[in-house]
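Visitor: One file: coords32.tsv (TSV, C-alpha atoms and all ligand atoms).
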```
chain	number	residue	atom	x	y	z
A	281	MET	CA	-3.86	7.19	27.45
A	282	THR	CA	-5.10	9.92	29.82
A	283	ASP	CA	-8.83	10.35	30.58
A	284	ARG	CA	-8.80	13.51	28.53
A	285	ASP	CA	-7.30	11.69	25.56
A	286	ALA	CA	-9.89	8.93	25.91
A	287	VAL	CA	-12.71	11.50	25.82
A	288	HIS	CA	-11.15	13.11	22.77
A	289	VAL	CA	-10.94	9.72	21.02
A	290	GLN	CA	-14.59	8.99	21.85
A	291	GLN	CA	-15.68	12.36	20.50
A	292	HIS	CA	-13.70	11.86	17.33
A	293	ALA	CA	-15.17	8.36	16.86
A	294	GLN	CA	-18.66	9.86	17.24
A	295	ARG	CA	-17.93	12.53	14.62
A	296	VAL	CA	-16.69	9.91	12.14
A	297	ARG	CA	-19.72	7.72	12.82
A	298	ARG	CA	-22.09	10.65	12.23
A	299	HIS	CA	-20.29	11.53	9.01
A	300	LEU	CA	-20.58	7.95	7.73
A	301	GLN	CA	-24.23	7.73	8.79
A	302	GLY	CA	-24.83	10.88	6.73
A	303	GLN	CA	-23.10	9.28	3.74
A	304	VAL	CA	-25.22	6.12	4.00
A	305	ALA	CA	-28.39	8.21	4.28
A	306	ALA	CA	-27.37	10.37	1.30
A	307	ALA	CA	-26.83	7.17	-0.73
A	308	ASP	CA	-30.44	6.11	-0.02
A	309	GLY	CA	-29.42	3.55	2.58
A	310	PHE	CA	-26.81	1.66	0.52
A	311	LEU	CA	-23.25	3.00	0.49
A	312	ALA	CA	-21.06	0.90	-1.81
A	313	PHE	CA	-18.15	-0.51	0.20
A	314	ASP	CA	-15.45	1.32	-1.78
A	315	ARG	CA	-17.14	4.61	-0.94
A	316	TYR	CA	-17.42	3.64	2.73
A	317	MET	CA	-13.70	2.77	2.73
A	318	GLN	CA	-12.85	6.05	0.99
A	319	GLU	CA	-14.70	8.05	3.65
A	320	ALA	CA	-13.58	5.97	6.64
A	321	LEU	CA	-9.92	6.32	5.61
A	322	TYR	CA	-9.69	9.67	3.84
A	323	ALA	CA	-12.60	12.01	4.72
A	324	PRO	CA	-10.78	15.30	5.39
A	325	GLY	CA	-10.12	15.81	9.11
A	326	LEU	CA	-12.05	12.64	9.99
A	327	GLY	CA	-10.80	9.58	8.11
A	328	TYR	CA	-8.23	7.21	9.56
A	329	TYR	CA	-5.40	8.58	7.40
A	330	SER	CA	-6.61	12.17	7.50
A	331	ALA	CA	-6.88	12.71	11.26
A	332	GLY	CA	-4.29	12.92	13.99
A	333	ALA	CA	-4.06	9.48	15.66
A	334	ARG	CA	-0.75	7.65	15.55
A	335	LYS	CA	-1.03	4.85	13.02
A	336	LEU	CA	2.30	3.31	12.21
A	337	GLY	CA	4.90	1.65	14.37
A	338	ALA	CA	4.91	-0.28	17.63
A	339	HIS	CA	2.66	2.29	19.40
A	340	GLY	CA	0.24	2.59	16.51
A	341	ASP	CA	-2.13	0.16	14.81
A	342	PHE	CA	0.25	-1.70	12.53
A	343	THR	CA	3.94	-1.89	11.69
A	344	THR	CA	5.23	-1.67	8.14
A	345	ALA	CA	8.61	-2.81	6.83
A	346	PRO	CA	10.36	0.59	7.07
A	347	GLU	CA	9.07	0.90	10.64
A	348	THR	CA	10.50	-2.55	11.38
A	349	SER	CA	14.05	-1.99	10.20
A	350	ALA	CA	16.30	0.42	8.31
A	351	LEU	CA	17.49	-2.67	6.41
A	352	PHE	CA	14.35	-2.36	4.30
A	353	GLY	CA	15.17	1.17	3.13
A	354	ALA	CA	18.80	0.21	2.56
A	355	CYS	CA	17.75	-2.62	0.20
A	356	ILE	CA	15.26	-0.38	-1.60
A	357	ALA	CA	18.05	2.19	-1.98
A	358	ALA	CA	20.33	-0.52	-3.38
A	359	GLN	CA	17.67	-1.24	-6.03
A	360	CYS	CA	17.34	2.48	-6.85
A	361	GLU	CA	21.08	2.93	-7.25
A	362	PRO	CA	21.65	1.45	-10.74
A	363	VAL	CA	18.69	3.40	-12.08
A	364	LEU	CA	19.88	6.69	-10.58
A	365	ARG	CA	23.40	6.07	-11.90
A	366	THR	CA	22.08	5.41	-15.41
A	367	VAL	CA	19.41	8.03	-16.08
A	368	ALA	CA	20.08	11.73	-16.40
A	369	GLN	CA	18.83	13.84	-13.48
A	370	GLY	CA	17.21	10.90	-11.72
A	371	GLN	CA	14.39	11.50	-9.28
A	372	ILE	CA	12.60	9.40	-6.69
A	373	LEU	CA	8.83	9.71	-6.31
A	374	GLU	CA	7.40	8.03	-3.23
A	375	LEU	CA	3.65	7.53	-2.96
A	376	GLY	CA	1.99	7.29	0.46
A	377	ALA	CA	5.09	7.82	2.57
A	378	GLY	CA	3.52	7.08	5.98
A	379	SER	CA	5.74	8.43	8.74
A	380	GLY	CA	8.48	9.34	6.22
A	381	ARG	CA	10.71	6.56	7.53
A	382	LEU	CA	11.38	4.94	4.14
A	383	ALA	CA	12.32	8.29	2.60
A	384	PHE	CA	14.66	8.92	5.52
A	385	GLN	CA	16.36	5.53	5.14
A	386	VAL	CA	16.66	5.69	1.35
A	387	LEU	CA	18.15	9.20	1.35
A	388	ARG	CA	20.67	8.30	4.08
A	389	HIS	CA	21.76	5.20	2.24
A	390	LEU	CA	22.01	6.86	-1.17
A	391	ALA	CA	24.01	9.72	0.34
A	392	ASP	CA	26.53	7.19	1.72
A	393	ARG	CA	26.88	5.83	-1.80
A	394	ASP	CA	27.13	9.27	-3.31
A	395	CYS	CA	24.11	8.58	-5.48
A	396	LEU	CA	21.42	11.01	-4.34
A	397	PRO	CA	18.42	11.72	-6.58
A	398	GLN	CA	17.95	15.27	-7.76
A	399	HIS	CA	14.70	15.37	-5.78
A	400	TYR	CA	12.90	13.01	-3.46
A	401	TRP	CA	9.27	13.77	-4.22
A	402	ILE	CA	6.49	12.63	-1.92
A	403	LEU	CA	2.89	12.38	-3.03
A	404	GLU	CA	0.73	11.80	0.04
A	405	VAL	CA	-3.06	12.07	0.34
A	406	SER	CA	-3.09	12.64	4.09
A	407	ALA	CA	-2.36	16.21	5.19
A	408	ASP	CA	-1.70	14.91	8.70
A	409	LEU	CA	0.90	12.36	7.56
A	410	ARG	CA	2.49	14.92	5.26
A	411	GLU	CA	3.21	17.07	8.33
A	412	ARG	CA	4.76	14.10	10.14
A	413	GLN	CA	6.89	13.32	7.10
A	414	ARG	CA	8.01	16.93	6.88
A	415	GLU	CA	8.96	16.90	10.55
A	416	LEU	CA	11.00	13.70	10.36
A	417	LEU	CA	12.73	14.58	7.09
A	418	SER	CA	13.70	18.04	8.36
A	419	THR	CA	16.04	16.23	10.78
A	420	LEU	CA	18.15	14.95	7.87
A	421	PRO	CA	21.39	16.80	7.09
A	422	ALA	CA	20.55	19.87	4.97
A	423	PRO	CA	21.94	18.56	1.63
A	424	LEU	CA	19.52	15.63	1.93
A	425	ALA	CA	16.54	17.42	3.47
A	426	GLU	CA	16.58	20.07	0.76
A	427	ARG	CA	15.96	17.42	-1.93
A	428	VAL	CA	12.61	16.48	-0.38
A	429	ALA	CA	9.58	18.09	-2.02
A	430	PHE	CA	5.88	17.46	-1.45
A	431	LEU	CA	3.66	17.18	-4.50
A	432	ASP	CA	-0.10	17.65	-4.70
A	433	ARG	CA	-0.42	15.56	-7.85
A	434	PRO	CA	1.84	13.35	-9.98
A	435	PRO	CA	4.55	15.33	-11.82
A	436	GLU	CA	3.38	16.71	-15.15
A	437	ALA	CA	6.77	17.15	-16.78
A	438	PRO	CA	8.55	14.02	-18.03
A	439	TRP	CA	10.89	12.56	-15.42
A	440	ARG	CA	13.34	9.69	-14.99
A	441	GLY	CA	14.11	7.57	-11.97
A	442	VAL	CA	12.28	5.39	-9.47
A	443	LEU	CA	8.72	5.39	-8.15
A	444	LEU	CA	8.23	3.71	-4.75
A	445	ALA	CA	5.01	2.61	-3.06
A	446	ASN	CA	5.16	0.46	0.05
A	447	GLU	CA	1.77	-0.70	1.33
A	448	VAL	CA	-0.20	1.83	-0.68
A	449	LEU	CA	-2.05	-0.40	-3.15
A	450	ASP	CA	-3.72	-2.21	-0.24
A	451	ALA	CA	-5.01	1.13	1.03
A	452	LEU	CA	-6.88	1.98	-2.20
A	453	PRO	CA	-10.64	1.65	-1.61
A	454	CYS	CA	-11.94	-1.63	-3.05
A	455	GLU	CA	-15.33	-2.98	-4.07
A	456	VAL	CA	-16.70	-6.04	-2.26
A	457	PHE	CA	-18.78	-8.60	-4.18
A	458	ALA	CA	-20.65	-11.82	-3.46
A	459	LEU	CA	-21.55	-14.66	-5.79
A	460	ARG	CA	-25.08	-15.63	-4.77
A	461	PRO	CA	-27.36	-18.23	-6.32
A	462	ALA	CA	-29.50	-15.27	-7.44
A	463	GLY	CA	-26.57	-13.62	-9.28
A	464	LEU	CA	-23.65	-11.23	-8.87
A	465	MET	CA	-24.07	-8.92	-5.90
A	466	GLU	CA	-22.29	-5.81	-4.71
A	467	ARG	CA	-21.79	-5.51	-0.96
A	468	GLY	CA	-22.22	-2.20	0.74
A	469	VAL	CA	-23.09	-0.55	3.99
A	470	GLY	CA	-26.56	0.07	5.37
A	471	MET	CA	-27.87	0.98	8.84
A	472	ASP	CA	-30.29	-0.58	11.26
A	473	ALA	CA	-32.91	1.41	13.19
A	474	ALA	CA	-30.31	2.35	15.82
A	475	GLY	CA	-27.93	3.75	13.19
A	476	GLU	CA	-25.51	0.80	13.50
A	477	PHE	CA	-23.75	-0.12	10.26
A	478	ARG	CA	-24.67	-3.43	8.64
A	479	TRP	CA	-23.57	-5.24	5.49
A	480	GLN	CA	-26.13	-5.02	2.70
A	481	GLU	CA	-26.24	-6.38	-0.82
A	482	ARG	CA	-27.75	-5.28	-4.10
A	483	ALA	CA	-27.49	-6.62	-7.65
A	484	ALA	CA	-24.05	-5.57	-8.92
A	485	PRO	CA	-24.31	-2.48	-11.16
A	486	ALA	CA	-23.50	-3.22	-14.83
A	487	ALA	CA	-19.85	-2.07	-14.78
A	488	LEU	CA	-19.02	-4.03	-11.63
A	489	ALA	CA	-20.88	-7.12	-12.87
A	490	GLN	CA	-18.85	-6.98	-16.09
A	491	GLU	CA	-15.64	-6.69	-14.07
A	492	ILE	CA	-16.58	-9.66	-11.87
A	493	ARG	CA	-17.42	-11.77	-14.94
A	494	ARG	CA	-14.09	-10.85	-16.55
A	495	LEU	CA	-12.33	-11.88	-13.36
A	496	LEU	CA	-14.19	-15.18	-13.05
A	497	ALA	CA	-13.43	-16.03	-16.68
A	498	THR	CA	-9.68	-15.91	-15.99
A	499	LEU	CA	-9.70	-18.22	-12.96
A	500	PRO	CA	-8.52	-21.82	-13.26
A	501	GLU	CA	-11.24	-23.13	-10.91
A	502	PRO	CA	-14.90	-22.11	-10.70
A	503	LEU	CA	-16.02	-20.49	-7.44
A	504	GLU	CA	-18.93	-21.83	-5.41
A	505	PRO	CA	-22.04	-19.77	-4.63
A	506	ASP	CA	-21.77	-17.53	-1.56
A	507	TYR	CA	-18.15	-16.75	-2.31
A	508	VAL	CA	-17.35	-13.25	-1.04
A	509	SER	CA	-14.28	-11.30	-2.03
A	510	GLU	CA	-13.13	-7.92	-3.20
A	511	LEU	CA	-11.61	-6.31	-6.24
A	512	CYS	CA	-10.08	-2.91	-6.72
A	513	THR	CA	-11.09	-1.15	-9.92
A	514	ARG	CA	-9.10	1.93	-8.84
A	515	VAL	CA	-5.78	0.16	-9.39
A	516	ALA	CA	-5.61	0.69	-13.16
A	517	PRO	CA	-6.49	4.41	-13.29
A	518	TRP	CA	-4.25	5.08	-10.30
A	519	ILE	CA	-1.21	3.33	-11.80
A	520	ALA	CA	-1.82	5.07	-15.12
A	521	ALA	CA	-1.98	8.46	-13.37
A	522	VAL	CA	1.05	8.08	-11.12
A	523	THR	CA	3.31	6.68	-13.85
A	524	ALA	CA	2.06	8.83	-16.75
A	525	SER	CA	5.08	11.14	-16.89
A	526	LEU	CA	7.75	8.55	-16.00
A	527	VAL	CA	9.70	8.28	-19.24
A	528	GLN	CA	12.61	6.14	-18.10
A	529	GLY	CA	12.99	4.08	-14.98
A	530	ILE	CA	11.18	1.68	-12.71
A	531	ALA	CA	8.24	1.61	-10.31
A	532	LEU	CA	8.43	-0.67	-7.27
A	533	PHE	CA	5.20	-1.73	-5.56
A	534	VAL	CA	5.54	-3.63	-2.30
A	535	ASP	CA	2.46	-5.07	-0.64
A	536	TYR	CA	0.83	-8.17	0.72
A	537	GLY	CA	-0.83	-9.89	-2.14
A	538	LEU	CA	-1.00	-12.78	-4.54
A	539	PRO	CA	-1.29	-13.63	-8.21
A	540	ARG	CA	-4.98	-13.77	-9.18
A	541	ALA	CA	-5.33	-17.56	-9.33
A	542	GLN	CA	-4.18	-17.82	-5.72
A	543	TYR	CA	-6.04	-14.76	-4.52
A	544	TYR	CA	-9.42	-16.03	-5.70
A	545	GLN	CA	-8.99	-19.62	-4.58
A	546	PRO	CA	-12.18	-21.51	-3.78
A	547	ASP	CA	-11.21	-21.92	-0.13
A	548	ARG	CA	-10.62	-18.18	0.39
A	549	ALA	CA	-14.39	-17.73	0.39
A	550	HIS	CA	-14.50	-14.74	2.76
A	551	GLY	CA	-12.06	-12.47	0.93
A	552	THR	CA	-9.02	-10.69	2.29
A	553	LEU	CA	-10.49	-7.54	3.80
A	554	ARG	CA	-8.73	-6.82	7.11
A	555	CYS	CA	-8.92	-4.08	9.72
A	556	HIS	CA	-6.01	-3.07	11.94
A	557	TYR	CA	-6.51	-1.49	15.33
A	558	ARG	CA	-3.82	-1.31	18.00
A	559	GLN	CA	-1.69	-4.07	16.49
A	560	ARG	CA	-4.63	-6.46	16.19
A	561	ALA	CA	-6.13	-7.61	12.91
A	562	HIS	CA	-9.84	-8.38	12.62
A	563	ASP	CA	-12.48	-8.42	9.89
A	564	ASP	CA	-15.20	-6.03	11.08
A	565	PRO	CA	-14.98	-2.75	9.12
A	566	PHE	CA	-17.78	-1.27	11.26
A	567	LEU	CA	-16.14	-1.81	14.64
A	568	VAL	CA	-14.36	1.53	15.13
A	569	PRO	CA	-14.70	3.38	11.81
A	570	GLY	CA	-12.17	6.14	11.36
A	571	MET	CA	-10.04	4.71	14.18
A	572	GLN	CA	-8.86	1.59	12.37
A	573	ASP	CA	-7.06	0.88	9.12
A	574	LEU	CA	-8.98	-0.96	6.39
A	575	THR	CA	-7.05	-2.94	3.82
A	576	ALA	CA	-7.43	-5.68	1.26
A	577	TRP	CA	-4.75	-7.87	-0.26
A	578	VAL	CA	-3.46	-6.92	-3.68
A	579	ASP	CA	-4.31	-8.93	-6.80
A	580	PHE	CA	-0.92	-8.57	-8.49
A	581	THR	CA	-2.28	-9.91	-11.78
A	582	ARG	CA	-4.49	-6.80	-11.82
A	583	VAL	CA	-1.42	-4.63	-11.26
A	584	ALA	CA	0.35	-6.37	-14.17
A	585	GLU	CA	-2.72	-5.85	-16.41
A	586	ALA	CA	-2.82	-2.19	-15.40
A	587	ALA	CA	0.86	-1.90	-16.33
A	588	ASP	CA	0.21	-3.43	-19.76
A	589	ASP	CA	-2.62	-1.00	-20.37
A	590	CYS	CA	-0.41	2.01	-19.84
A	591	GLY	CA	2.69	0.84	-21.66
A	592	LEU	CA	4.77	-0.31	-18.71
A	593	GLU	CA	6.67	-3.56	-18.76
A	594	VAL	CA	6.38	-5.96	-15.82
A	595	LEU	CA	10.06	-6.49	-15.02
A	596	GLY	CA	9.87	-8.57	-11.88
A	597	PHE	CA	7.66	-10.19	-9.28
A	598	ALA	CA	9.10	-11.84	-6.19
A	599	THR	CA	8.51	-12.36	-2.50
A	600	GLN	CA	9.81	-9.62	-0.24
A	601	ALA	CA	12.34	-12.11	1.14
A	602	ALA	CA	13.78	-12.90	-2.30
A	603	PHE	CA	13.84	-9.21	-3.22
A	604	LEU	CA	15.73	-8.19	-0.06
A	605	LEU	CA	18.20	-11.07	-0.40
A	606	GLY	CA	18.81	-10.03	-4.02
A	607	ASN	CA	19.56	-6.52	-2.81
A	608	GLY	CA	22.19	-7.59	-0.33
A	609	ILE	CA	20.42	-7.71	3.04
A	610	GLU	CA	22.92	-10.33	4.24
A	611	SER	CA	25.94	-8.16	3.48
A	612	LEU	CA	24.28	-5.20	5.17
A	613	ILE	CA	23.94	-7.29	8.33
A	614	ALA	CA	27.51	-8.57	8.05
A	615	ALA	CA	28.74	-4.98	7.82
A	616	ALA	CA	27.28	-4.09	11.26
A	617	PRO	CA	29.97	-2.42	13.40
A	618	ASP	CA	29.80	-4.91	16.31
A	619	GLY	CA	28.13	-8.05	17.60
A	620	VAL	CA	25.36	-6.21	19.44
A	621	ALA	CA	24.37	-4.23	16.38
A	622	ARG	CA	24.56	-7.39	14.24
A	623	ALA	CA	22.30	-9.32	16.63
A	624	ARG	CA	19.77	-6.47	16.51
A	625	LEU	CA	19.80	-6.46	12.70
A	626	VAL	CA	19.45	-10.24	12.56
A	627	SER	CA	16.34	-10.07	14.68
A	628	GLN	CA	14.86	-7.27	12.50
A	629	ALA	CA	15.78	-9.15	9.32
A	630	ARG	CA	13.84	-12.16	10.58
A	631	ALA	CA	10.66	-10.08	10.66
A	632	LEU	CA	11.29	-8.93	7.09
A	633	LEU	CA	12.35	-12.29	5.68
A	634	MET	CA	10.70	-15.18	7.49
A	635	PRO	CA	7.82	-16.87	5.66
A	636	ASP	CA	5.57	-16.72	8.72
A	637	GLN	CA	6.20	-12.97	9.08
A	638	MET	CA	6.58	-10.54	6.15
A	639	GLY	CA	8.86	-12.59	3.91
A	640	GLU	CA	6.30	-14.53	1.84
A	641	ALA	CA	2.99	-12.70	2.15
A	642	PHE	CA	4.60	-9.47	0.96
A	643	LYS	CA	5.55	-9.30	-2.70
A	644	VAL	CA	7.50	-6.82	-4.75
A	645	MET	CA	6.51	-5.98	-8.29
A	646	ALA	CA	8.75	-3.90	-10.56
A	647	LEU	CA	7.30	-2.13	-13.57
A	648	GLY	CA	9.50	-0.37	-16.05
A	649	ARG	CA	9.47	2.10	-18.89
A	650	GLY	CA	12.55	2.52	-21.07
A	651	TRP	CA	14.42	0.20	-18.71
A	652	GLU	CA	15.85	-3.15	-19.77
A	653	ALA	CA	18.73	-3.98	-17.44
A	654	PRO	CA	18.10	-6.82	-14.98
A	655	LEU	CA	17.23	-5.81	-11.42
A	656	ALA	CA	19.09	-7.38	-8.50
A	657	GLY	CA	15.89	-7.83	-6.51
A	658	PHE	CA	14.68	-10.50	-8.93
A	659	ALA	CA	17.97	-12.32	-9.44
A	660	HIS	CA	17.04	-15.06	-6.93
A	661	GLN	CA	13.41	-15.45	-7.91
A	662	ASN	CA	11.12	-14.10	-10.59
A	663	LEU	CA	7.54	-15.30	-10.38
A	664	LEU	CA	6.27	-13.58	-13.54
A	665	ASN	CA	4.91	-16.86	-14.87
A	666	ARG	CA	2.52	-17.12	-11.89
A	667	LEU	CA	0.70	-13.90	-12.75
B	1	LIG	C1	-0.35	1.59	5.03
B	1	LIG	S1	0.28	3.19	4.91
B	1	LIG	C2	1.93	2.86	4.38
B	1	LIG	C3	2.88	3.96	4.74
B	1	LIG	C4	4.33	3.80	4.31
B	1	LIG	N1	4.47	3.62	2.90
B	1	LIG	C5	4.98	2.67	5.07
B	1	LIG	O1	5.32	1.68	4.44
B	1	LIG	O2	5.17	2.78	6.29
B	1	LIG	C6	-0.52	3.81	3.44
B	1	LIG	C7	-0.05	5.18	3.02
B	1	LIG	O3	-0.57	5.49	1.72
B	1	LIG	C8	-1.17	6.77	1.75
B	1	LIG	N2	-2.12	6.79	0.62
B	1	LIG	C9	-3.26	6.11	0.51
B	1	LIG	N3	-3.83	6.32	-0.69
B	1	LIG	C10	-2.99	7.12	-1.37
B	1	LIG	C11	-2.99	7.69	-2.68
B	1	LIG	N4	-3.99	7.49	-3.53
B	1	LIG	N5	-1.95	8.47	-3.06
B	1	LIG	C12	-0.93	8.70	-2.19
B	1	LIG	N6	-0.88	8.20	-0.94
B	1	LIG	C13	-1.88	7.42	-0.54
B	1	LIG	C14	-1.69	6.87	3.15
B	1	LIG	O4	-2.02	8.17	3.55
B	1	LIG	C15	-0.49	6.30	3.92
B	1	LIG	O5	0.56	7.24	4.00
```
Take the structure from the file and write it as structure tokens.
Ligand SMILES: C[S@@+](CC[C@H](N)C(=O)[O-])C[C@H]1O[C@@H](n2cnc3c(N)ncnc32)[C@H](O)[C@@H]1O
Guide:
Amino acid sequence: MTDRDAVHVQQHAQRVRRHLQGQVAAADGFLAFDRYMQEALYAPGLGYYSAGARKLGAHGDFTTAPETSALFGACIAAQCEPVLRTVAQGQILELGAGSGRLAFQVLRHLADRDCLPQHYWILEVSADLRERQRELLSTLPAPLAERVAFLDRPPEAPWRGVLLANEVLDALPCEVFALRPAGLMERGVGMDAAGEFRWQERAAPAALAQEIRRLLATLPEPLEPDYVSELCTRVAPWIAAVTASLVQGIALFVDYGLPRAQYYQPDRAHGTLRCHYRQRAHDDPFLVPGMQDLTAWVDFTRVAEAADDCGLEVLGFATQAAFLLGNGIESLIAAAPDGVARARLVSQARALLMPDQMGEAFKVMALGRGWEAPLAGFAHQNLLNRL
């Protein structure tokens, strides 16, 4: 980074800090954590996803599966194929497309199989990332590039096909709670005299308290006092909104997460909130606000409940490794043109498949509407009974 860049970064960090300080002050000194996360990630022109820094890939803050290997997109495309071949005028809708890499891979692969969707829609909250996606996808051959369209909101007219969301659920702002001897608390952000952000707690407002009680009632083991974790009440309305007009097809959500009973285990007493900055993960959301990603693991039982509530069927739940194996990752590697290319793919596949990398922590959940045929991604493993 040049000196000039460093100064620019410092100035930007200061602007974000001032904005967040203003938000805390406007909330009378207690900004609920979900609102802090919303502002730190998405405040227009300031938030982590809304401003210009490079986020994804080896030179950014974290690396997602499509940034790791084109094998990921090829397997996702393989899962889209039977749906696109079955429904009339099939579409793909990708939510939160990051650098556009997954869209690029999926379109290339589907073109090779002569199975392109009518459109590849992208719904992205970040204006900055939308520009990057547009730039990358404009390098596709014209018959592919012209299928890409950017949406400002979920489609209103009924549509058929596949909805994709890789690492988007974990980026939805979440509430943080604590079980204290005195009762159910909400955690939020306050400031000390120097304007530094500090965790603060208040009695959980009625709706959140009810949600925490509902959650606790479904757990197999009671949780000890001083247990801190998070929950994401935005999941249900978001899933309802983005799938509302899908009349036939599937929705694939890929993310790091767990079924509820494992997520809220007694020994995970500090929650799953993580921050990513320059390829390092830490747990201080106040360290470099606006410059770092904030995420929380996904409670996939909550996703399944949200699906039930809006008339979607939970078709499959598996580890990323099982899903990719079911979609032919091994044959894709075997089809590499030569030994050098094969060795490169093997090394990339390790990152996607190995249990100590992305293979186990990442899960894939498929929801469906008007879709009954089995999906290859869940042929090896279907963990629906764990939800
Ligand atoms: C962790 S990145 C993942 C990017 C990409 N899917 C990948 O796998 O490389 C999260 C993405 O979701 C987007 N995003 C977050 N909330 C969103 C929402 N409510 N609707 C659409 N996109 C959203 C972010 O701007 C970003 O593009």
Visitor: Find the smallest box with edges along x, y and z containing every listed atom of stretch 492-503 of chain A, then add 5 Å on each side and report centre and edge lengths in Å to one decimal, as lines of an AutoDock Vina configuration file.
Guide:
```
center_x = -13.0
center_y = -16.4
center_z = -12.1
size_x = 18.9
size_y = 23.5
size_z = 19.2
```
Visitor: Considering all atoms listed in the file, tabulate each residue of chain A that lies at most 7 Å from ligand LIG 1 (chain B) along with its nearest interatomic pair and the corresponding distance in Å to one decimal; arrange the rows by chain and ascending residue number and present them as a tab-separated table.
Guide:
```
residue	atom	partner	partner_atom	distance
A:Tyr329	CA	B:LIG1	O4	5.1
A:Leu336	CA	B:LIG1	O2	6.6
A:Thr344	CA	B:LIG1	O2	4.8
A:Ala345	CA	B:LIG1	O1	6.1
A:Pro346	CA	B:LIG1	O2	5.7
A:Glu347	CA	B:LIG1	O2	6.1
A:Leu375	CA	B:LIG1	C12	4.8
A:Gly376	CA	B:LIG1	N6	3.3
A:Ala377	CA	B:LIG1	N1	4.3
A:Gly378	CA	B:LIG1	C3	3.4
A:Ser379	CA	B:LIG1	O2	6.2
A:Arg381	CA	B:LIG1	O2	6.8
A:Leu382	CA	B:LIG1	C5	6.9
A:Leu403	CA	B:LIG1	C12	5.4
A:Glu404	CA	B:LIG1	N6	4.1
A:Val405	CA	B:LIG1	N6	4.6
A:Ser406	CA	B:LIG1	O4	4.6
A:Leu409	CA	B:LIG1	O5	6.2
A:Ala445	CA	B:LIG1	N1	6.1
A:Asn446	CA	B:LIG1	N1	4.3
A:Glu447	CA	B:LIG1	C2	4.7
A:Val448	CA	B:LIG1	O3	4.4
A:Ala451	CA	B:LIG1	C9	5.3
A:Leu452	CA	B:LIG1	N3	5.5
```
Visitor: With 12 Å as the cut-off and only C-alpha atoms counted, what is the closest atom pair between each nearby residue of stretch 346-411 of chain A and stretch 519-540 of chain A? Distances in Å to one decimal, ordered by chain and number, as a tab-separated table.
Guide:
```
residue	atom	partner	partner_atom	distance
A:Pro346	CA	A:Val534	CA	11.4
A:Phe352	CA	A:Val534	CA	11.1
A:Ile356	CA	A:Leu532	CA	8.9
A:Ala357	CA	A:Leu532	CA	11.3
A:Gln359	CA	A:Leu532	CA	9.3
A:Cys360	CA	A:Ile530	CA	8.5
A:Glu361	CA	A:Gly529	CA	11.2
A:Pro362	CA	A:Gly529	CA	10.0
A:Val363	CA	A:Gly529	CA	6.4
A:Leu364	CA	A:Gly529	CA	8.6
A:Arg365	CA	A:Gly529	CA	11.0
A:Thr366	CA	A:Gly529	CA	9.2
A:Val367	CA	A:Gln528	CA	7.3
A:Ala368	CA	A:Gln528	CA	9.5
A:Gln369	CA	A:Gln528	CA	10.9
A:Gly370	CA	A:Gly529	CA	8.7
A:Gln371	CA	A:Gly529	CA	9.5
A:Ile372	CA	A:Ala531	CA	9.6
A:Leu373	CA	A:Ala531	CA	9.1
A:Glu374	CA	A:Ala531	CA	9.6
A:Leu375	CA	A:Val522	CA	8.6
A:Gly376	CA	A:Phe533	CA	11.3
A:Ile402	CA	A:Val522	CA	11.6
A:Leu403	CA	A:Val522	CA	9.3
A:Glu404	CA	A:Val522	CA	11.8
```
Visitor: Residues within 12 Å of A:Pro453, please, as a list in words. Count all atoms listed in the file; anything in the same chain fewer than 6 positions from it doesn't count.
Guide: Ala312, Phe313, Asp314, Arg315, Tyr316, Met317, Gln318, Glu319, Ala320, Leu321, Tyr322, Glu510, Leu511, Cys512, Thr513, Arg514, Val515, Trp518, Leu553, Asp573, Leu574, Thr575, Ala576, Trp577 and Val578 of chain A
Visitor: Report as a count of residues only all protein, DNA and RNA residues lying within 8 Å of stretch 461-466 of chain A, evaluated on all atoms listed in the file, omitting residues in the same chain fewer than 2 positions from it.
Guide: 17
Visitor: Please determine, counting all atoms listed in the file, which residue among A:Asn607, A:Gln637, A:Thr498, A:Thr419 has the shortest atom-to-atom distance to A:Gly353.
Guide: A:Asn607
Visitor: Please, what distance in Å, to one decimal, runs between atom CA of A:Phe310 and atom CA of A:Pro569?
Guide: 16.6 Å
Visitor: Enter the distance from atom CA of A:Tyr543 to atom CA of A:Asn662, in Å, rounded to one decimal.
Guide: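 That distance, rounded to one decimal, is 18.2 Å.
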Visitor: Which residue out of A:Leu431, A:Leu326, A:Ala561, A:Leu647 has the minimum interatomic distance to A:Arg410 when only C-alpha atoms are used?
Guide: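 Closest to A:Arg410, using only C-alpha atoms: A:Leu431.
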Visitor: What's around A:Ile609 at 10 Å? Count only C-alpha atoms, leave out sequence neighbours fewer than 6 positions away in its own chain, and write the answer as a ChimeraX atom specification.
Guide: /A:351-352,354-355,358,601-603,615,625-626,629,633
Visitor: From the list A:Ala641, A:Leu605, A:Val442, A:Ala516, which residue is nearest A:Ala586 when using all atoms listed in the file?
Guide: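 Among the listed residues, the smallest separation from A:Ala586 belongs to A:Ala516.
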Visitor: Considering only C-alpha atoms, state which residue in the set A:Ala614, A:Ala429, A:Val620, A:Leu595 is at the smallest distance from A:Leu664.
Guide: A:Leu595
Visitor: Please indicate the distance in Å from atom CA of A:Gln294 to atom CA of A:Ala307, rounded to one decimal place.
Guide: 19.9 Å
